[in-house]
Amino acid sequence: MRQFLRNLGYALEGVGYAARTQRHMRFHLFAAAAVIVLGSWLGLSPGEWIVVVLLIAAVLSAELINTAIECVVDLVSPDYHKLAKAAKDTAAAAVLITAAAAVVVGAILFIPHLMDKLGL
Ligand SMILES: Nc1ncnc2c1ncn2[C@@H]1O[C@H](COP(=O)(O)OP(=O)(O)OP(=O)(O)O)[C@@H](O)[C@H]1O
């Protein structure tokens, strides 16, 4: 149990590090909070909440892995190297693809609810 709590603490330190140092992570956290508030207001179904939670987890995880890769690249290759560039660019692409998918799926889920709510 103590080991589990220690590991949880390290994981939370990782989230804190990413939130402190990565502007994109702060944006993703803010967007996740906004989506949760909007979803509560719109009264999403349990199935829709499952999709929303999985998408939020996917985007935040992608950003955390991207941050980890940036840290390792900066540690081992502070000078320009084409492999360092490839590592950072592909990690950033993973975040981009995940976030783009979240926006598309979010629009498919939320737009009909919003139209209903606004009587359109
Ligand atoms: N050591 C390096 N060698 C080659 N290219 C690099 C290196 N470091 C960064 N780059 C290039 O610069 C881009 C931006 O890198 P940077 O480390 O500033 O990341 P970032 O995506 O802007 O994240 P952050 O917001 O944390 O600065 C990378 O995607 C990569 O193309």
# chains A, B, ... in the order shown; residues from 1 in each chain; ligands from 1
>>> residues_around(residues="Trp49 (chain A)", least_positions_apart="3", cutoff="12 Å", atoms="only C-alpha atoms", output="MDAnalysis selection string")
chainID A and resid 35:40 42:46 52:56 106 109:110
>>> closest_atom_pairs(of="chain A", to="ligand 1", cutoff="8 Å", atoms="only C-alpha atoms and all ligand atoms", output="JSON lines")
{"residue": "A:Thr21", "atom": "CA", "partner": "ligand 1", "partner_atom_place_in_ligand_line": "26 (O)", "distance": 6.7}
{"residue": "A:Gln22", "atom": "CA", "partner": "ligand 1", "partner_atom_place_in_ligand_line": "26 (O)", "distance": 5.2}
{"residue": "A:Arg23", "atom": "CA", "partner": "ligand 1", "partner_atom_place_in_ligand_line": "25 (O)", "distance": 6.2}
{"residue": "A:His24", "atom": "CA", "partner": "ligand 1", "partner_atom_place_in_ligand_line": "25 (O)", "distance": 6.9}
{"residue": "A:Thr67", "atom": "CA", "partner": "ligand 1", "partner_atom_place_in_ligand_line": "26 (O)", "distance": 7.0}
{"residue": "A:Glu70", "atom": "CA", "partner": "ligand 1", "partner_atom_place_in_ligand_line": "17 (O)", "distance": 6.1}
{"residue": "A:Val73", "atom": "CA", "partner": "ligand 1", "partner_atom_place_in_ligand_line": "1 (N)", "distance": 6.5}
{"residue": "A:Asp74", "atom": "CA", "partner": "ligand 1", "partner_atom_place_in_ligand_line": "1 (N)", "distance": 6.1}
{"residue": "A:Ser77", "atom": "CA", "partner": "ligand 1", "partner_atom_place_in_ligand_line": "1 (N)", "distance": 5.1}
{"residue": "A:Pro78", "atom": "CA", "partner": "ligand 1", "partner_atom_place_in_ligand_line": "1 (N)", "distance": 4.9}
{"residue": "A:Asp79", "atom": "CA", "partner": "ligand 1", "partner_atom_place_in_ligand_line": "1 (N)", "distance": 4.8}
{"residue": "A:Tyr80", "atom": "CA", "partner": "ligand 1", "partner_atom_place_in_ligand_line": "3 (N)", "distance": 3.4}
{"residue": "A:His81", "atom": "CA", "partner": "ligand 1", "partner_atom_place_in_ligand_line": "3 (N)", "distance": 4.2}
{"residue": "A:Lys82", "atom": "CA", "partner": "ligand 1", "partner_atom_place_in_ligand_line": "4 (C)", "distance": 5.4}
{"residue": "A:Leu83", "atom": "CA", "partner": "ligand 1", "partner_atom_place_in_ligand_line": "4 (C)", "distance": 7.0}
{"residue": "A:Ala84", "atom": "CA", "partner": "ligand 1", "partner_atom_place_in_ligand_line": "3 (N)", "distance": 4.5}
{"residue": "A:Lys85", "atom": "CA", "partner": "ligand 1", "partner_atom_place_in_ligand_line": "5 (N)", "distance": 3.6}
{"residue": "A:Ala86", "atom": "CA", "partner": "ligand 1", "partner_atom_place_in_ligand_line": "31 (O)", "distance": 6.9}
{"residue": "A:Ala87", "atom": "CA", "partner": "ligand 1", "partner_atom_place_in_ligand_line": "30 (C)", "distance": 7.9}
{"residue": "A:Lys88", "atom": "CA", "partner": "ligand 1", "partner_atom_place_in_ligand_line": "29 (O)", "distance": 4.6}
{"residue": "A:Asp89", "atom": "CA", "partner": "ligand 1", "partner_atom_place_in_ligand_line": "29 (O)", "distance": 4.3}
{"residue": "A:Thr90", "atom": "CA", "partner": "ligand 1", "partner_atom_place_in_ligand_line": "29 (O)", "distance": 8.0}
{"residue": "A:Ala92", "atom": "CA", "partner": "ligand 1", "partner_atom_place_in_ligand_line": "21 (O)", "distance": 6.3}
>>> atom_distance(atom1="CA of Leu29 (chain A)", atom2="CA of Leu60 (chain A)")
7.6 Å
>>> closest_residue(among="A:Ala93, A:Asp116, A:Ile50, A:Glu63", to="Ala19 (chain A)", atoms="only C-alpha atoms")
A:Glu63
>>> atom_distance(atom1="CA of Gly16 (chain A)", atom2="CA of Val104 (chain A)")
27.8 Å
>>> residues_around(residues="Ala58 (chain A)", least_positions_apart="3", cutoff="12 Å", atoms="only C-alpha atoms", output="short mmCIF file (atom, residue, chain, number, x, y, z; two decimals) with C-alpha atoms, in the first residue's frame")
data_model
loop_
_atom_site.label_atom_id
_atom_site.label_comp_id
_atom_site.auth_asym_id
_atom_site.auth_seq_id
_atom_site.Cartn_x
_atom_site.Cartn_y
_atom_site.Cartn_z
CA HIS A 28 -5.59 20.42 -22.38
CA ALA A 32 -10.98 18.86 -20.17
CA VAL A 51 -16.33 8.22 -24.68
CA VAL A 52 -15.59 11.67 -23.20
CA VAL A 53 -13.54 10.25 -20.31
CA LEU A 54 -11.54 8.00 -22.67
CA LEU A 55 -10.84 10.93 -25.01
CA SER A 61 -1.67 10.78 -21.80
CA ALA A 62 -0.39 11.75 -25.24
CA GLU A 63 0.73 15.14 -23.88
CA LEU A 64 2.41 13.50 -20.87
CA ILE A 65 4.29 11.03 -23.11
CA ALA A 94 0.88 11.90 -31.67
CA VAL A 95 -0.58 14.71 -29.52
CA LEU A 96 -1.92 16.48 -32.59
CA ILE A 97 -3.66 13.37 -33.97
CA THR A 98 -5.18 12.49 -30.58
CA ALA A 99 -6.38 16.04 -29.96
CA ALA A 100 -7.83 16.33 -33.49
CA ALA A 101 -9.74 13.05 -33.04
CA ALA A 102 -11.03 14.32 -29.67
#
>>> decode(residues="region 61-77 of chain A", atoms="N, CA and C atoms", output="PDB file, in the first residue's frame")
ATOM      1  N   SER A  61      -2.763  11.767 -21.761  1.00  0.00           N
ATOM      2  CA  SER A  61      -1.670  10.776 -21.795  1.00  0.00           C
ATOM      3  C   SER A  61      -0.710  11.072 -22.942  1.00  0.00           C
ATOM      4  N   ALA A  62      -1.263  11.428 -24.101  1.00  0.00           N
ATOM      5  CA  ALA A  62      -0.391  11.748 -25.240  1.00  0.00           C
ATOM      6  C   ALA A  62       0.504  12.939 -24.896  1.00  0.00           C
ATOM      7  N   GLU A  63      -0.070  13.958 -24.241  1.00  0.00           N
ATOM      8  CA  GLU A  63       0.728  15.142 -23.882  1.00  0.00           C
ATOM      9  C   GLU A  63       1.791  14.779 -22.838  1.00  0.00           C
ATOM     10  N   LEU A  64       1.441  13.904 -21.896  1.00  0.00           N
ATOM     11  CA  LEU A  64       2.414  13.503 -20.871  1.00  0.00           C
ATOM     12  C   LEU A  64       3.563  12.709 -21.509  1.00  0.00           C
ATOM     13  N   ILE A  65       3.233  11.811 -22.438  1.00  0.00           N
ATOM     14  CA  ILE A  65       4.288  11.028 -23.106  1.00  0.00           C
ATOM     15  C   ILE A  65       5.156  11.950 -23.960  1.00  0.00           C
ATOM     16  N   ASN A  66       4.515  12.931 -24.613  1.00  0.00           N
ATOM     17  CA  ASN A  66       5.265  13.916 -25.397  1.00  0.00           C
ATOM     18  C   ASN A  66       6.240  14.689 -24.501  1.00  0.00           C
ATOM     19  N   THR A  67       5.762  15.066 -23.318  1.00  0.00           N
ATOM     20  CA  THR A  67       6.632  15.787 -22.373  1.00  0.00           C
ATOM     21  C   THR A  67       7.798  14.906 -21.946  1.00  0.00           C
ATOM     22  N   ALA A  68       7.506  13.629 -21.677  1.00  0.00           N
ATOM     23  CA  ALA A  68       8.577  12.707 -21.262  1.00  0.00           C
ATOM     24  C   ALA A  68       9.619  12.580 -22.373  1.00  0.00           C
ATOM     25  N   ILE A  69       9.155  12.466 -23.610  1.00  0.00           N
ATOM     26  CA  ILE A  69      10.095  12.331 -24.732  1.00  0.00           C
ATOM     27  C   ILE A  69      10.924  13.611 -24.898  1.00  0.00           C
ATOM     28  N   GLU A  70      10.279  14.777 -24.751  1.00  0.00           N
ATOM     29  CA  GLU A  70      11.027  16.044 -24.837  1.00  0.00           C
ATOM     30  C   GLU A  70      12.108  16.108 -23.768  1.00  0.00           C
ATOM     31  N   CYS A  71      11.762  15.671 -22.540  1.00  0.00           N
ATOM     32  CA  CYS A  71      12.744  15.701 -21.443  1.00  0.00           C
ATOM     33  C   CYS A  71      13.947  14.812 -21.765  1.00  0.00           C
ATOM     34  N   VAL A  72      13.662  13.587 -22.238  1.00  0.00           N
ATOM     35  CA  VAL A  72      14.756  12.649 -22.520  1.00  0.00           C
ATOM     36  C   VAL A  72      15.615  13.172 -23.669  1.00  0.00           C
ATOM     37  N   VAL A  73      14.962  13.714 -24.700  1.00  0.00           N
ATOM     38  CA  VAL A  73      15.726  14.241 -25.846  1.00  0.00           C
ATOM     39  C   VAL A  73      16.621  15.394 -25.390  1.00  0.00           C
ATOM     40  N   ASP A  74      16.057  16.319 -24.571  1.00  0.00           N
ATOM     41  CA  ASP A  74      16.861  17.455 -24.104  1.00  0.00           C
ATOM     42  C   ASP A  74      18.029  16.980 -23.235  1.00  0.00           C
ATOM     43  N   LEU A  75      17.797  15.868 -22.511  1.00  0.00           N
ATOM     44  CA  LEU A  75      18.851  15.331 -21.640  1.00  0.00           C
ATOM     45  C   LEU A  75      19.994  14.715 -22.456  1.00  0.00           C
ATOM     46  N   VAL A  76      19.612  13.896 -23.450  1.00  0.00           N
ATOM     47  CA  VAL A  76      20.661  13.149 -24.168  1.00  0.00           C
ATOM     48  C   VAL A  76      21.173  13.894 -25.400  1.00  0.00           C
ATOM     49  N   SER A  77      20.390  14.866 -25.891  1.00  0.00           N
ATOM     50  CA  SER A  77      20.809  15.546 -27.126  1.00  0.00           C
ATOM     51  C   SER A  77      20.486  17.030 -27.064  1.00  0.00           C
TER      52      SER A  77
END
